[in-house]
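Enquirer: The following file, entry-v2.txt, comprises compact mmCIF, C-alpha atoms:
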```txt
# COMPACT_ATOMS: atom_id res chain seq x y z
CA MET A 2 0.78 16.35 -0.62
CA LEU A 3 -2.04 14.17 -1.93
CA HIS A 4 -1.83 12.70 -5.44
CA GLU A 5 -4.40 11.14 -7.77
CA MET A 6 -5.94 7.87 -6.57
CA LEU A 7 -3.45 5.11 -7.34
CA THR A 8 -4.86 2.60 -9.84
CA ARG A 9 -3.43 -0.72 -11.00
CA GLU A 10 -4.35 -3.56 -13.35
CA ILE A 11 -5.71 -6.85 -12.02
CA GLY A 12 -3.19 -9.33 -13.42
CA ARG A 13 -3.38 -9.53 -17.23
CA SER A 14 -7.15 -8.95 -17.31
CA GLY A 15 -7.00 -5.39 -18.63
CA ILE A 16 -9.23 -4.34 -15.71
CA GLU A 17 -7.99 -1.21 -13.93
CA ALA A 18 -9.06 -0.64 -10.33
CA SER A 19 -8.15 1.60 -7.43
CA ALA A 20 -5.21 0.21 -5.49
CA ILE A 21 -7.26 0.76 -2.34
CA GLY A 22 -10.17 -1.65 -2.25
CA LEU A 23 -13.14 -1.67 0.11
CA GLY A 24 -13.36 -4.96 1.98
CA THR A 25 -16.87 -5.77 3.21
CA TRP A 26 -16.44 -8.67 5.63
CA ALA A 27 -17.40 -6.47 8.60
CA ILE A 28 -20.40 -5.14 6.66
CA GLY A 29 -21.78 -8.69 6.68
CA GLY A 30 -21.84 -8.46 10.48
CA TRP A 31 -20.75 -12.05 11.13
CA MET A 32 -17.85 -12.18 13.62
CA TRP A 33 -17.94 -8.38 13.81
CA GLY A 34 -20.74 -7.87 16.33
CA GLY A 35 -23.52 -7.26 13.80
CA THR A 36 -24.01 -4.57 11.17
CA ASP A 37 -25.90 -1.36 10.48
CA GLU A 38 -27.27 -1.51 6.93
CA ALA A 39 -27.80 2.23 6.47
CA LYS A 40 -24.31 3.09 7.71
CA SER A 41 -22.83 0.31 5.58
CA ILE A 42 -24.54 1.59 2.43
CA SER A 43 -23.29 5.09 3.22
CA ALA A 44 -19.76 3.74 3.72
CA ILE A 45 -19.81 1.98 0.34
CA GLN A 46 -21.17 5.02 -1.46
CA ALA A 47 -18.66 7.32 0.27
CA SER A 48 -15.87 5.00 -0.89
CA ILE A 49 -17.05 5.26 -4.50
CA ASP A 50 -17.39 9.05 -4.21
CA GLU A 51 -13.79 9.23 -2.95
CA GLY A 52 -12.42 7.30 -5.93
CA ILE A 53 -12.37 3.74 -4.62
CA SER A 54 -13.60 1.56 -7.47
CA LEU A 55 -12.61 -1.90 -6.15
CA ILE A 56 -15.26 -3.38 -3.84
CA ASP A 57 -14.66 -6.86 -2.46
CA THR A 58 -17.35 -9.04 -0.92
CA ALA A 59 -18.29 -12.72 -0.53
CA PRO A 60 -21.36 -14.90 0.05
CA ALA A 61 -19.82 -16.13 3.32
CA TYR A 62 -19.89 -12.64 4.83
CA GLY A 63 -23.15 -13.05 6.72
CA GLN A 64 -24.42 -15.78 4.36
CA GLY A 65 -25.30 -13.37 1.59
CA LEU A 66 -25.98 -10.28 3.72
CA SER A 67 -22.83 -8.41 2.69
CA GLU A 68 -23.52 -9.06 -1.00
CA GLU A 69 -27.11 -7.83 -0.59
CA ILE A 70 -25.95 -4.61 1.10
CA VAL A 71 -23.29 -4.06 -1.57
CA GLY A 72 -25.96 -4.61 -4.24
CA LYS A 73 -28.19 -1.95 -2.72
CA ALA A 74 -25.30 0.49 -2.37
CA ILE A 75 -24.06 0.22 -5.96
CA ALA A 76 -27.48 0.43 -7.60
CA GLY A 77 -27.19 3.22 -10.14
CA ARG A 78 -23.38 3.30 -9.69
CA ARG A 79 -22.42 -0.06 -11.17
CA GLU A 80 -20.30 1.48 -13.94
CA LYS A 81 -18.04 3.11 -11.31
CA VAL A 82 -17.33 -0.18 -9.54
CA VAL A 83 -14.89 -3.03 -10.09
CA LEU A 84 -16.86 -5.69 -8.26
CA ALA A 85 -15.15 -8.69 -6.68
CA THR A 86 -16.88 -11.57 -4.95
CA LYS A 87 -16.11 -15.18 -4.17
CA CYS A 88 -17.17 -18.80 -4.34
CA GLY A 89 -16.24 -22.03 -2.60
CA LEU A 90 -17.74 -21.70 0.89
CA VAL A 91 -21.10 -23.40 0.49
CA TRP A 92 -24.12 -24.29 2.61
CA HIS A 93 -26.48 -25.50 -0.13
CA THR A 94 -24.57 -28.81 -0.35
CA GLN A 95 -22.38 -30.92 1.91
CA LYS A 96 -19.90 -31.92 -0.77
CA GLY A 97 -16.24 -31.15 -0.20
CA ASN A 98 -14.69 -30.58 3.24
CA HIS A 99 -16.55 -29.37 6.33
CA PHE A 100 -14.98 -26.03 7.32
CA PHE A 101 -17.11 -24.51 10.10
CA ASP A 102 -20.69 -24.19 11.35
CA TYR A 103 -22.76 -21.02 10.92
CA ASP A 104 -25.76 -20.74 13.25
CA GLY A 105 -25.45 -24.47 13.86
CA LYS A 106 -25.43 -25.37 10.14
CA PRO A 107 -22.41 -26.76 8.28
CA VAL A 108 -20.41 -24.72 5.77
CA HIS A 109 -18.16 -26.68 3.41
CA ARG A 110 -15.21 -25.82 1.22
CA TYR A 111 -16.26 -27.02 -2.22
CA LEU A 112 -15.15 -25.83 -5.66
CA GLY A 113 -16.79 -28.39 -7.93
CA LYS A 114 -18.26 -27.14 -11.20
CA ASP A 115 -21.86 -27.73 -10.04
CA ALA A 116 -21.41 -25.52 -6.98
CA ILE A 117 -19.63 -22.73 -8.87
CA VAL A 118 -22.42 -22.56 -11.46
CA HIS A 119 -24.99 -22.39 -8.62
CA GLU A 120 -23.04 -19.85 -6.57
CA VAL A 121 -22.39 -17.35 -9.34
CA GLU A 122 -26.12 -17.10 -10.09
CA GLN A 123 -26.92 -16.52 -6.42
CA SER A 124 -24.25 -13.81 -6.16
CA LEU A 125 -25.41 -12.07 -9.33
CA LYS A 126 -28.94 -11.96 -7.92
CA ARG A 127 -27.88 -10.61 -4.51
CA LEU A 128 -25.58 -8.03 -6.08
CA GLY A 129 -28.19 -6.88 -8.60
CA THR A 130 -25.84 -7.17 -11.57
CA ASP A 131 -25.34 -9.40 -14.60
CA TYR A 132 -21.54 -9.67 -14.38
CA ILE A 133 -18.79 -9.85 -11.77
CA ASP A 134 -15.49 -8.15 -12.56
CA HIS A 135 -13.29 -10.40 -10.43
CA TYR A 136 -14.42 -13.83 -9.20
CA ILE A 137 -12.35 -15.47 -6.49
CA THR A 138 -12.18 -18.95 -5.00
CA HIS A 139 -12.50 -18.09 -1.31
CA TRP A 140 -10.80 -21.07 0.34
CA GLN A 141 -9.17 -23.95 -1.48
CA ASP A 142 -10.92 -27.33 -1.72
CA PRO A 143 -8.60 -30.34 -1.59
CA THR A 144 -11.39 -32.64 -2.84
CA THR A 145 -11.69 -30.99 -6.28
CA PRO A 146 -8.84 -30.77 -8.82
CA ILE A 147 -7.93 -27.15 -9.56
CA ALA A 148 -8.15 -27.96 -13.28
CA GLU A 149 -11.88 -28.72 -12.83
CA THR A 150 -12.41 -25.51 -10.87
CA MET A 151 -10.61 -23.45 -13.51
CA GLU A 152 -12.58 -25.07 -16.31
CA ALA A 153 -15.80 -23.90 -14.66
CA LEU A 154 -14.43 -20.40 -14.09
CA GLU A 155 -13.12 -20.09 -17.66
CA THR A 156 -16.57 -21.11 -18.92
CA LEU A 157 -18.18 -18.37 -16.83
CA LYS A 158 -15.70 -15.90 -18.29
CA THR A 159 -16.57 -17.01 -21.83
CA GLN A 160 -20.26 -16.50 -20.98
CA GLY A 161 -19.53 -12.96 -19.78
CA LYS A 162 -20.68 -13.63 -16.22
CA ILE A 163 -17.21 -12.95 -14.82
CA ARG A 164 -14.34 -10.92 -16.27
CA SER A 165 -11.29 -12.20 -14.37
CA ILE A 166 -10.30 -15.01 -12.04
CA GLY A 167 -8.73 -14.94 -8.59
CA ALA A 168 -7.89 -17.35 -5.79
CA SER A 169 -7.60 -16.73 -2.07
CA ASN A 170 -5.89 -18.44 0.85
CA THR A 171 -3.55 -20.37 -1.42
CA THR A 172 -0.22 -22.14 -1.32
CA ALA A 173 2.53 -21.81 -3.93
CA ASP A 174 1.49 -25.22 -5.32
CA ASP A 175 -2.11 -23.98 -5.65
CA VAL A 176 -0.97 -20.93 -7.60
CA LYS A 177 1.16 -23.05 -9.92
CA ALA A 178 -1.82 -25.35 -10.56
CA TYR A 179 -4.13 -22.41 -11.32
CA VAL A 180 -1.61 -20.86 -13.71
CA ALA A 181 -1.17 -24.21 -15.48
CA ALA A 182 -4.93 -24.58 -15.91
CA GLY A 183 -5.88 -21.11 -17.21
CA GLN A 184 -5.43 -17.38 -16.65
CA LEU A 185 -5.15 -16.57 -12.96
CA ASP A 186 -5.18 -12.80 -12.57
CA ALA A 187 -4.81 -12.35 -8.81
CA ILE A 188 -4.48 -13.99 -5.44
CA GLN A 189 -5.98 -12.56 -2.27
CA GLU A 190 -3.97 -13.19 0.89
CA GLU A 191 -3.53 -11.84 4.39
CA TYR A 192 -0.64 -9.39 4.47
CA SER A 193 0.33 -6.60 6.82
CA MET A 194 3.27 -5.26 8.78
CA ILE A 195 2.73 -8.03 11.31
CA LYS A 196 2.14 -10.87 8.83
CA ARG A 197 4.66 -10.83 5.98
CA ASP A 198 5.29 -14.51 5.23
CA ILE A 199 3.97 -14.28 1.65
CA GLU A 200 6.96 -12.10 0.77
CA ASP A 201 9.01 -15.30 0.67
CA THR A 202 6.40 -17.84 -0.47
CA LEU A 203 3.89 -16.30 -2.88
CA VAL A 204 5.03 -12.84 -3.96
CA PRO A 205 8.08 -13.98 -5.99
CA LEU A 206 5.92 -16.53 -7.84
CA CYS A 207 3.22 -13.97 -8.55
CA LEU A 208 5.74 -11.44 -9.85
CA LYS A 209 7.10 -14.10 -12.19
CA GLU A 210 3.64 -15.12 -13.46
CA LYS A 211 2.21 -11.56 -13.62
CA VAL A 212 -0.42 -12.40 -10.99
CA SER A 213 -1.60 -9.49 -8.83
CA VAL A 214 -1.66 -9.71 -5.04
CA LEU A 215 -4.66 -8.32 -3.17
CA SER A 216 -3.73 -7.99 0.48
CA TYR A 217 -6.47 -8.34 3.06
CA SER A 218 -6.27 -7.39 6.73
CA SER A 219 -3.77 -4.68 5.79
CA LEU A 220 -4.62 -3.01 9.11
CA ALA A 221 -4.61 -6.38 10.93
CA LEU A 222 -8.31 -6.26 11.91
CA GLY A 223 -7.82 -2.72 13.18
CA LEU A 224 -4.73 -3.41 15.27
CA LEU A 225 -2.60 -1.16 13.02
CA THR A 226 -5.01 1.77 12.88
CA GLY A 227 -3.48 3.49 15.88
CA LYS A 228 -6.94 3.56 17.46
CA ILE A 229 -6.92 0.30 19.45
CA GLY A 230 -4.95 0.89 22.61
CA PRO A 231 -4.15 -1.47 25.51
CA ASP A 232 -7.36 -0.51 27.35
CA ARG A 233 -9.80 -1.41 24.54
CA THR A 234 -12.29 -4.24 25.26
CA PHE A 235 -14.09 -6.40 22.70
CA GLU A 236 -17.64 -7.66 23.18
CA GLY A 237 -20.07 -10.27 21.81
CA ASP A 238 -18.96 -12.31 18.79
CA ASP A 239 -16.19 -9.85 17.89
CA GLN A 240 -13.44 -12.20 16.71
CA ARG A 241 -10.76 -10.01 18.29
CA LYS A 242 -12.01 -10.79 21.82
CA ASP A 243 -10.04 -14.03 22.19
CA ASN A 244 -7.42 -13.42 19.50
CA PRO A 245 -3.89 -13.65 21.00
CA ARG A 246 -2.73 -11.03 18.48
CA PHE A 247 -4.88 -8.54 20.42
CA SER A 248 -3.32 -9.29 23.79
CA VAL A 249 -2.61 -6.25 25.98
CA GLU A 250 1.14 -6.78 25.56
CA ASN A 251 0.83 -6.91 21.78
CA ARG A 252 -1.20 -3.74 21.77
CA ARG A 253 1.52 -2.04 23.82
CA LYS A 254 4.11 -3.06 21.20
CA VAL A 255 1.91 -1.77 18.39
CA ALA A 256 1.39 1.50 20.30
CA ARG A 257 5.17 2.00 20.32
CA LEU A 258 5.25 1.38 16.56
CA MET A 259 2.48 3.94 16.09
CA ASP A 260 4.50 6.48 18.09
CA ALA A 261 7.38 5.93 15.67
CA ILE A 262 5.09 6.38 12.65
CA ALA A 263 3.46 9.54 14.03
CA PRO A 264 6.09 12.04 12.74
CA ILE A 265 5.78 10.63 9.19
CA ALA A 266 2.00 10.87 9.37
CA GLU A 267 2.30 14.46 10.59
CA THR A 268 4.62 15.36 7.70
CA HIS A 269 2.00 14.19 5.21
CA GLY A 270 -1.01 15.53 7.10
CA ALA A 271 -2.17 11.92 7.27
CA THR A 272 -3.40 9.50 9.92
CA LYS A 273 -1.24 6.63 11.13
CA ALA A 274 -3.60 4.15 9.46
CA GLN A 275 -3.20 5.94 6.12
CA VAL A 276 0.57 5.67 6.43
CA VAL A 277 0.29 1.93 7.20
CA ILE A 278 -1.91 1.37 4.12
CA ALA A 279 0.39 3.46 1.90
CA TRP A 280 3.39 1.48 3.17
CA THR A 281 1.56 -1.75 2.30
CA LEU A 282 0.90 -0.62 -1.27
CA GLN A 283 4.54 0.32 -1.77
CA GLN A 284 5.86 -3.13 -0.87
CA PRO A 285 7.21 -5.14 -3.84
CA GLY A 286 4.55 -7.27 -5.47
CA ILE A 287 1.62 -6.01 -3.35
CA THR A 288 -0.81 -4.65 -5.92
CA PHE A 289 -3.96 -3.85 -3.96
CA SER A 290 -4.86 -3.27 -0.31
CA LEU A 291 -8.34 -4.19 0.88
CA CYS A 292 -9.50 -2.08 3.81
CA GLY A 293 -12.73 -2.40 5.71
CA ALA A 294 -15.03 0.53 6.51
CA ARG A 295 -18.31 0.51 8.42
CA ASP A 296 -19.17 4.19 8.13
CA PRO A 297 -18.45 7.06 5.70
CA GLU A 298 -15.70 8.56 7.88
CA GLN A 299 -13.68 5.34 7.80
CA ALA A 300 -14.26 5.05 4.05
CA ARG A 301 -12.95 8.53 3.39
CA GLU A 302 -9.90 7.94 5.60
CA ASN A 303 -9.02 4.75 3.71
CA ALA A 304 -9.44 6.43 0.34
CA LYS A 305 -6.92 9.15 1.18
CA ALA A 306 -4.27 6.45 1.68
CA GLY A 307 -4.53 5.74 -2.05
CA ARG A 308 -3.39 9.32 -2.70
CA LEU A 309 -0.44 9.19 -0.31
CA ARG A 310 3.08 8.46 -1.59
CA LEU A 311 5.83 7.74 0.92
CA THR A 312 9.48 8.42 0.12
CA SER A 313 12.00 5.56 0.01
CA GLU A 314 13.54 6.99 3.18
CA GLU A 315 10.17 6.91 4.95
CA ILE A 316 9.57 3.33 3.78
CA GLY A 317 12.92 2.39 5.30
CA LEU A 318 12.21 4.16 8.58
CA ILE A 319 8.84 2.45 8.91
CA GLY A 320 10.40 -0.93 8.12
CA ASP A 321 13.05 -0.41 10.79
CA ALA A 322 10.43 0.64 13.35
CA ALA A 323 8.30 -2.42 12.56
CA ALA A 324 11.33 -4.71 12.96
CA THR A 325 12.12 -3.10 16.30
CA HIS A 326 8.67 -3.00 17.88
CA LEU A 327 6.89 -5.98 16.35
CA THR A 328 9.52 -8.59 17.19
CA GLU A 329 7.95 -11.69 18.74
CA LEU A 330 4.43 -10.36 18.35
CA ALA A 331 2.09 -13.19 19.32
CA ALA A 332 0.19 -14.65 16.38
```
Translate this file's structure into structure tokens.
Expert:
Amino acid sequence: MLHEMLTREIGRSGIEASAIGLGTWAIGGWMWGGTDEAKSISAIQASIDEGISLIDTAPAYGQGLSEEIVGKAIAGRREKVVLATKCGLVWHTQKGNHFFDYDGKPVHRYLGKDAIVHEVEQSLKRLGTDYIDHYITHWQDPTTPIAETMEALETLKTQGKIRSIGASNTTADDVKAYVAAGQLDAIQEEYSMIKRDIEDTLVPLCLKEKVSVLSYSSLALGLLTGKIGPDRTFEGDDQRKDNPRFSVENRRKVARLMDAIAPIAETHGATKAQVVIAWTLQQPGITFSLCGARDPEQARENAKAGRLRLTSEEIGLIGDAAATHLTELAA
């Protein structure tokens, strides 16, 4: 039986959003073998039509391309969207720490006030809006004190350019520093059945401080969809091509987990991926699940997971199956 779309508050911001969020890294094309703009726009609009209000993007996803596509897709629908984007991965300056090269040009981690002020204006322009609901530091910058970063973000909030503050790819010490410097509403971290370390490191702290947790890679880059079998091949710049997590042996282990999940999915008239997402959202302290979609069909499938409620018995069965089949899964 499907329920209403699950919604939750982002920290103490007062902003309510769908617990299922649309992640748009793949829509930017970079490290995903390119993108199809028309299909991407359709995927975003289908997500909104299906009740997903939280849309998460970043300048780094295709160096602005994802934000531009999101901006086109939400034109005329802005009031239905809780829009999240990020700052801190920069190519307009070489301050901070070099992180990687994009098309032969350096990208740095930098969260100084000057860069944040510059970045927010660029994002607003690409997104075609005058405010961002949730603004997130994408990767942490050890060269800038978090107090300085938070001062800049709090100023933007006072100006009405952003409505809430988040941080991604953090440590417990980072979170403590953010909380000490202002109102941190959420962290965004990798979390899935096969990567659960934040349960011991960050989740207890966030529960204590009333900080939401947005999980990304809830389907582990597609590994937990039930659609990537041992025979699948990855081409071009697809990041999964050389990822040890996608080894043939790992995919065999995941296939056995999917076989164990299948009866639960059948009971609910759901797909295996929907069950995995619903399980994620019912873990203690996990507030939101960001799921990628590159076409309307994927968007609609993800949205239905926000209407699925698993029983405590089913949660236990899935947990037991994951412990059995995902033991020693290569990272």
Enquirer: Which is closer to A:Ser48 than all the others in A:Leu225, A:Leu208, A:Ala178, A:Val82, using only C-alpha atoms?
Expert: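 Among A:Leu225, A:Leu208, A:Ala178, A:Val82, it is A:Val82 that comes nearest to A:Ser48.
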Enquirer: Can you work out which one of A:Asp142, A:Asp37, A:Asp104, A:Glu5 has the shortest atom-to-atom distance to A:Leu90, counting all atoms listed in the file?
Expert: A:Asp142
Enquirer: Atom CA of A:Gly24 and atom CA of A:Ser216 are how many Å apart?
Expert: 10.2 Å
Enquirer: Give me, please, the distance in Å between atom CA of A:Glu236 and atom CA of A:Asp296, quoted to one decimal.
Expert: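 Atom CA of A:Glu236 sits 19.2 Å away from atom CA of A:Asp296.
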Enquirer: A:Ala306, A:Val83, A:Met194, A:Ala263: which is nearest A:Leu7, counting all atoms listed in the file?
Expert: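 Looking only at the distances to A:Leu7, the closest residue turns out to be A:Ala306.
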Enquirer: Which residues come within 12 Å of A:Leu222, counting all atoms listed in the file, excluding same-chain residues fewer than 5 positions away, as number ranges by chain?
Expert: A: 24, 26-27, 32-33, 191-193, 195-196, 217, 227-229, 239-242, 244, 246-247, 274, 291-294
Enquirer: Which polymer residues have any atom within 12 Å of an atom of A:Thr272, counting all atoms listed in the file, with same-chain residues fewer than 3 positions away left out, as a PyMOL selection string?
Expert: chain A and resi 225-228+259-260+262-269+275-279+299+301-306+309
Enquirer: Using all atoms listed in the file, which of A:Gln284, A:Thr150, A:Ser165, A:Thr234 sits nearest A:Ile316?
Expert: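 Among A:Gln284, A:Thr150, A:Ser165, A:Thr234, it is A:Gln284 that comes nearest to A:Ile316.
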Enquirer: Of the candidates A:Gly183, A:Pro205, A:Gly89, A:Pro245, which shows the shortest atom-to-atom distance to A:Thr145, using all atoms listed in the file?
Expert: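 Distance minimum relative to A:Thr145 lands on A:Gly89.
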Enquirer: I'd like the neighbourhood of A:Lys209 as a PDB file with C-alpha atoms, in the coordinates of the input, where a residue qualifies if any of its atoms comes within 12 Å (using only C-alpha atoms), though same-chain residues fewer than 4 positions away should be ignored.
Expert:
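Here's the written file part.pdb:
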```
ATOM      1  CA  GLY A  12      -3.190  -9.330 -13.420  1.00  0.00           C
ATOM      2  CA  VAL A 176      -0.970 -20.930  -7.600  1.00  0.00           C
ATOM      3  CA  LYS A 177       1.160 -23.050  -9.920  1.00  0.00           C
ATOM      4  CA  VAL A 180      -1.610 -20.860 -13.710  1.00  0.00           C
ATOM      5  CA  LEU A 203       3.890 -16.300  -2.880  1.00  0.00           C
ATOM      6  CA  VAL A 204       5.030 -12.840  -3.960  1.00  0.00           C
ATOM      7  CA  PRO A 205       8.080 -13.980  -5.990  1.00  0.00           C
ATOM      8  CA  SER A 213      -1.600  -9.490  -8.830  1.00  0.00           C
ATOM      9  CA  GLY A 286       4.550  -7.270  -5.470  1.00  0.00           C
TER      10      GLY A 286
END
```
Enquirer: How many Å separate atom CA of A:Val214 from atom CA of A:Glu149?
Expert: 22.9 Å
Enquirer: Identify the residues within 9 Å of coordinate (-13.6, 3.5, -3.9) (same frame as the file), considering only C-alpha atoms, and give the answer as a PDB file with C-alpha atoms, in the coordinates of the input.
Expert:
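out.pdb was written with the following content:
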```pdb
ATOM      1  CA  ALA A  18      -9.060  -0.640 -10.330  1.00  0.00           C
ATOM      2  CA  SER A  19      -8.150   1.600  -7.430  1.00  0.00           C
ATOM      3  CA  ILE A  21      -7.260   0.760  -2.340  1.00  0.00           C
ATOM      4  CA  GLY A  22     -10.170  -1.650  -2.250  1.00  0.00           C
ATOM      5  CA  LEU A  23     -13.140  -1.670   0.110  1.00  0.00           C
ATOM      6  CA  ILE A  45     -19.810   1.980   0.340  1.00  0.00           C
ATOM      7  CA  GLN A  46     -21.170   5.020  -1.460  1.00  0.00           C
ATOM      8  CA  ALA A  47     -18.660   7.320   0.270  1.00  0.00           C
ATOM      9  CA  SER A  48     -15.870   5.000  -0.890  1.00  0.00           C
ATOM     10  CA  ILE A  49     -17.050   5.260  -4.500  1.00  0.00           C
ATOM     11  CA  ASP A  50     -17.390   9.050  -4.210  1.00  0.00           C
ATOM     12  CA  GLU A  51     -13.790   9.230  -2.950  1.00  0.00           C
ATOM     13  CA  GLY A  52     -12.420   7.300  -5.930  1.00  0.00           C
ATOM     14  CA  ILE A  53     -12.370   3.740  -4.620  1.00  0.00           C
ATOM     15  CA  SER A  54     -13.600   1.560  -7.470  1.00  0.00           C
ATOM     16  CA  LEU A  55     -12.610  -1.900  -6.150  1.00  0.00           C
ATOM     17  CA  ILE A  56     -15.260  -3.380  -3.840  1.00  0.00           C
ATOM     18  CA  LYS A  81     -18.040   3.110 -11.310  1.00  0.00           C
ATOM     19  CA  VAL A  82     -17.330  -0.180  -9.540  1.00  0.00           C
ATOM     20  CA  ALA A 300     -14.260   5.050   4.050  1.00  0.00           C
ATOM     21  CA  ARG A 301     -12.950   8.530   3.390  1.00  0.00           C
ATOM     22  CA  ASN A 303      -9.020   4.750   3.710  1.00  0.00           C
ATOM     23  CA  ALA A 304      -9.440   6.430   0.340  1.00  0.00           C
TER      24      ALA A 304
END
```
Enquirer: Might you pull out every residue within 9 Å of stretch 120-123 of chain A, with only C-alpha atoms counted and same-chain residues fewer than 3 positions away left off, and present them as a JSON list (two decimals) with C-alpha atoms, in the frame of the given file?
Expert:
```json
[["chain", "number", "residue", "atom", "x", "y", "z"],
["A", 60, "PRO", "CA", -21.36, -14.90, 0.05],
["A", 65, "GLY", "CA", -25.30, -13.37, 1.59],
["A", 87, "LYS", "CA", -16.11, -15.18, -4.17],
["A", 88, "CYS", "CA", -17.17, -18.80, -4.34],
["A", 89, "GLY", "CA", -16.24, -22.03, -2.60],
["A", 91, "VAL", "CA", -21.10, -23.40, 0.49],
["A", 115, "ASP", "CA", -21.86, -27.73, -10.04],
["A", 116, "ALA", "CA", -21.41, -25.52, -6.98],
["A", 117, "ILE", "CA", -19.63, -22.73, -8.87],
["A", 126, "LYS", "CA", -28.94, -11.96, -7.92],
["A", 127, "ARG", "CA", -27.88, -10.61, -4.51],
["A", 128, "LEU", "CA", -25.58, -8.03, -6.08],
["A", 131, "ASP", "CA", -25.34, -9.40, -14.60],
["A", 133, "ILE", "CA", -18.79, -9.85, -11.77],
["A", 136, "TYR", "CA", -14.42, -13.83, -9.20],
["A", 157, "LEU", "CA", -18.18, -18.37, -16.83],
["A", 162, "LYS", "CA", -20.68, -13.63, -16.22],
["A", 163, "ILE", "CA", -17.21, -12.95, -14.82]]
```
Enquirer: Could you tell me which of A:Thr171, A:Ile70, A:Arg79, A:Met6 comes closest to A:Tyr132 if we count all atoms listed in the file?
Expert: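 Using all atoms listed in the file, A:Tyr132 sits closest to A:Arg79.
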Enquirer: Leaving out A:Gln95 and any residue of its chain fewer than 4 positions from it, which residues lie within 9 Å of it when counting all atoms listed in the file, given as a PDB file with C-alpha atoms, in the frame of the given file?
Expert:
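What landed in around_31.pdb:
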```pdb
ATOM      1  CA  VAL A  91     -21.100 -23.400   0.490  1.00  0.00           C
ATOM      2  CA  HIS A  99     -16.550 -29.370   6.330  1.00  0.00           C
ATOM      3  CA  PRO A 107     -22.410 -26.760   8.280  1.00  0.00           C
ATOM      4  CA  VAL A 108     -20.410 -24.720   5.770  1.00  0.00           C
ATOM      5  CA  HIS A 109     -18.160 -26.680   3.410  1.00  0.00           C
ATOM      6  CA  ARG A 110     -15.210 -25.820   1.220  1.00  0.00           C
ATOM      7  CA  TYR A 111     -16.260 -27.020  -2.220  1.00  0.00           C
TER       8      TYR A 111
END
```
Enquirer: Put a box with edges along x, y and z around all the listed atoms of stretch 5-18 of chain A, pad it by 3 Å on each side, then give me its centre and sizes in Å, one decimal, as lines of an AutoDock Vina configuration file.
Expert:
```
center_x = -6.2
center_y = 0.8
center_z = -12.6
size_x = 12.0
size_y = 26.7
size_z = 18.1
```
Enquirer: Could you give me stretch 58-67 of chain A completed to N, CA, C and O atoms, formatted as a PDB file, in the frame of the given file?
Expert:
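The result, written out as rebuild_6.pdb:
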```pdb
ATOM      1  N   THR A  58     -16.388  -8.438  -1.822  1.00  0.00           N
ATOM      2  CA  THR A  58     -17.350  -9.040  -0.920  1.00  0.00           C
ATOM      3  C   THR A  58     -17.297 -10.555  -1.060  1.00  0.00           C
ATOM      4  O   THR A  58     -16.404 -11.094  -1.703  1.00  0.00           O
ATOM      5  N   ALA A  59     -18.246 -11.254  -0.450  1.00  0.00           N
ATOM      6  CA  ALA A  59     -18.290 -12.720  -0.530  1.00  0.00           C
ATOM      7  C   ALA A  59     -19.618 -13.213   0.023  1.00  0.00           C
ATOM      8  O   ALA A  59     -20.168 -12.612   0.953  1.00  0.00           O
ATOM      9  N   PRO A  60     -20.133 -14.325  -0.512  1.00  0.00           N
ATOM     10  CA  PRO A  60     -21.360 -14.900   0.050  1.00  0.00           C
ATOM     11  C   PRO A  60     -21.217 -15.251   1.534  1.00  0.00           C
ATOM     12  O   PRO A  60     -22.177 -15.123   2.300  1.00  0.00           O
ATOM     13  N   ALA A  61     -20.018 -15.675   1.936  1.00  0.00           N
ATOM     14  CA  ALA A  61     -19.820 -16.130   3.320  1.00  0.00           C
ATOM     15  C   ALA A  61     -19.911 -15.004   4.337  1.00  0.00           C
ATOM     16  O   ALA A  61     -20.071 -15.267   5.531  1.00  0.00           O
ATOM     17  N   TYR A  62     -19.814 -13.752   3.901  1.00  0.00           N
ATOM     18  CA  TYR A  62     -19.890 -12.640   4.830  1.00  0.00           C
ATOM     19  C   TYR A  62     -21.348 -12.418   5.232  1.00  0.00           C
ATOM     20  O   TYR A  62     -22.086 -11.646   4.630  1.00  0.00           O
ATOM     21  N   GLY A  63     -21.763 -13.144   6.263  1.00  0.00           N
ATOM     22  CA  GLY A  63     -23.150 -13.050   6.720  1.00  0.00           C
ATOM     23  C   GLY A  63     -24.105 -13.856   5.881  1.00  0.00           C
ATOM     24  O   GLY A  63     -25.296 -13.547   5.823  1.00  0.00           O
ATOM     25  N   GLN A  64     -23.609 -14.912   5.235  1.00  0.00           N
ATOM     26  CA  GLN A  64     -24.420 -15.780   4.360  1.00  0.00           C
ATOM     27  C   GLN A  64     -25.293 -14.958   3.415  1.00  0.00           C
ATOM     28  O   GLN A  64     -26.520 -15.052   3.395  1.00  0.00           O
ATOM     29  N   GLY A  65     -24.631 -14.148   2.624  1.00  0.00           N
ATOM     30  CA  GLY A  65     -25.300 -13.370   1.590  1.00  0.00           C
ATOM     31  C   GLY A  65     -25.621 -11.941   1.982  1.00  0.00           C
ATOM     32  O   GLY A  65     -25.900 -11.112   1.109  1.00  0.00           O
ATOM     33  N   LEU A  66     -25.576 -11.609   3.279  1.00  0.00           N
ATOM     34  CA  LEU A  66     -25.980 -10.280   3.720  1.00  0.00           C
ATOM     35  C   LEU A  66     -25.061  -9.184   3.163  1.00  0.00           C
ATOM     36  O   LEU A  66     -25.532  -8.147   2.682  1.00  0.00           O
ATOM     37  N   SER A  67     -23.757  -9.418   3.219  1.00  0.00           N
ATOM     38  CA  SER A  67     -22.830  -8.410   2.690  1.00  0.00           C
ATOM     39  C   SER A  67     -23.081  -8.171   1.214  1.00  0.00           C
ATOM     40  O   SER A  67     -23.128  -7.009   0.762  1.00  0.00           O
TER      41      SER A  67
END
```
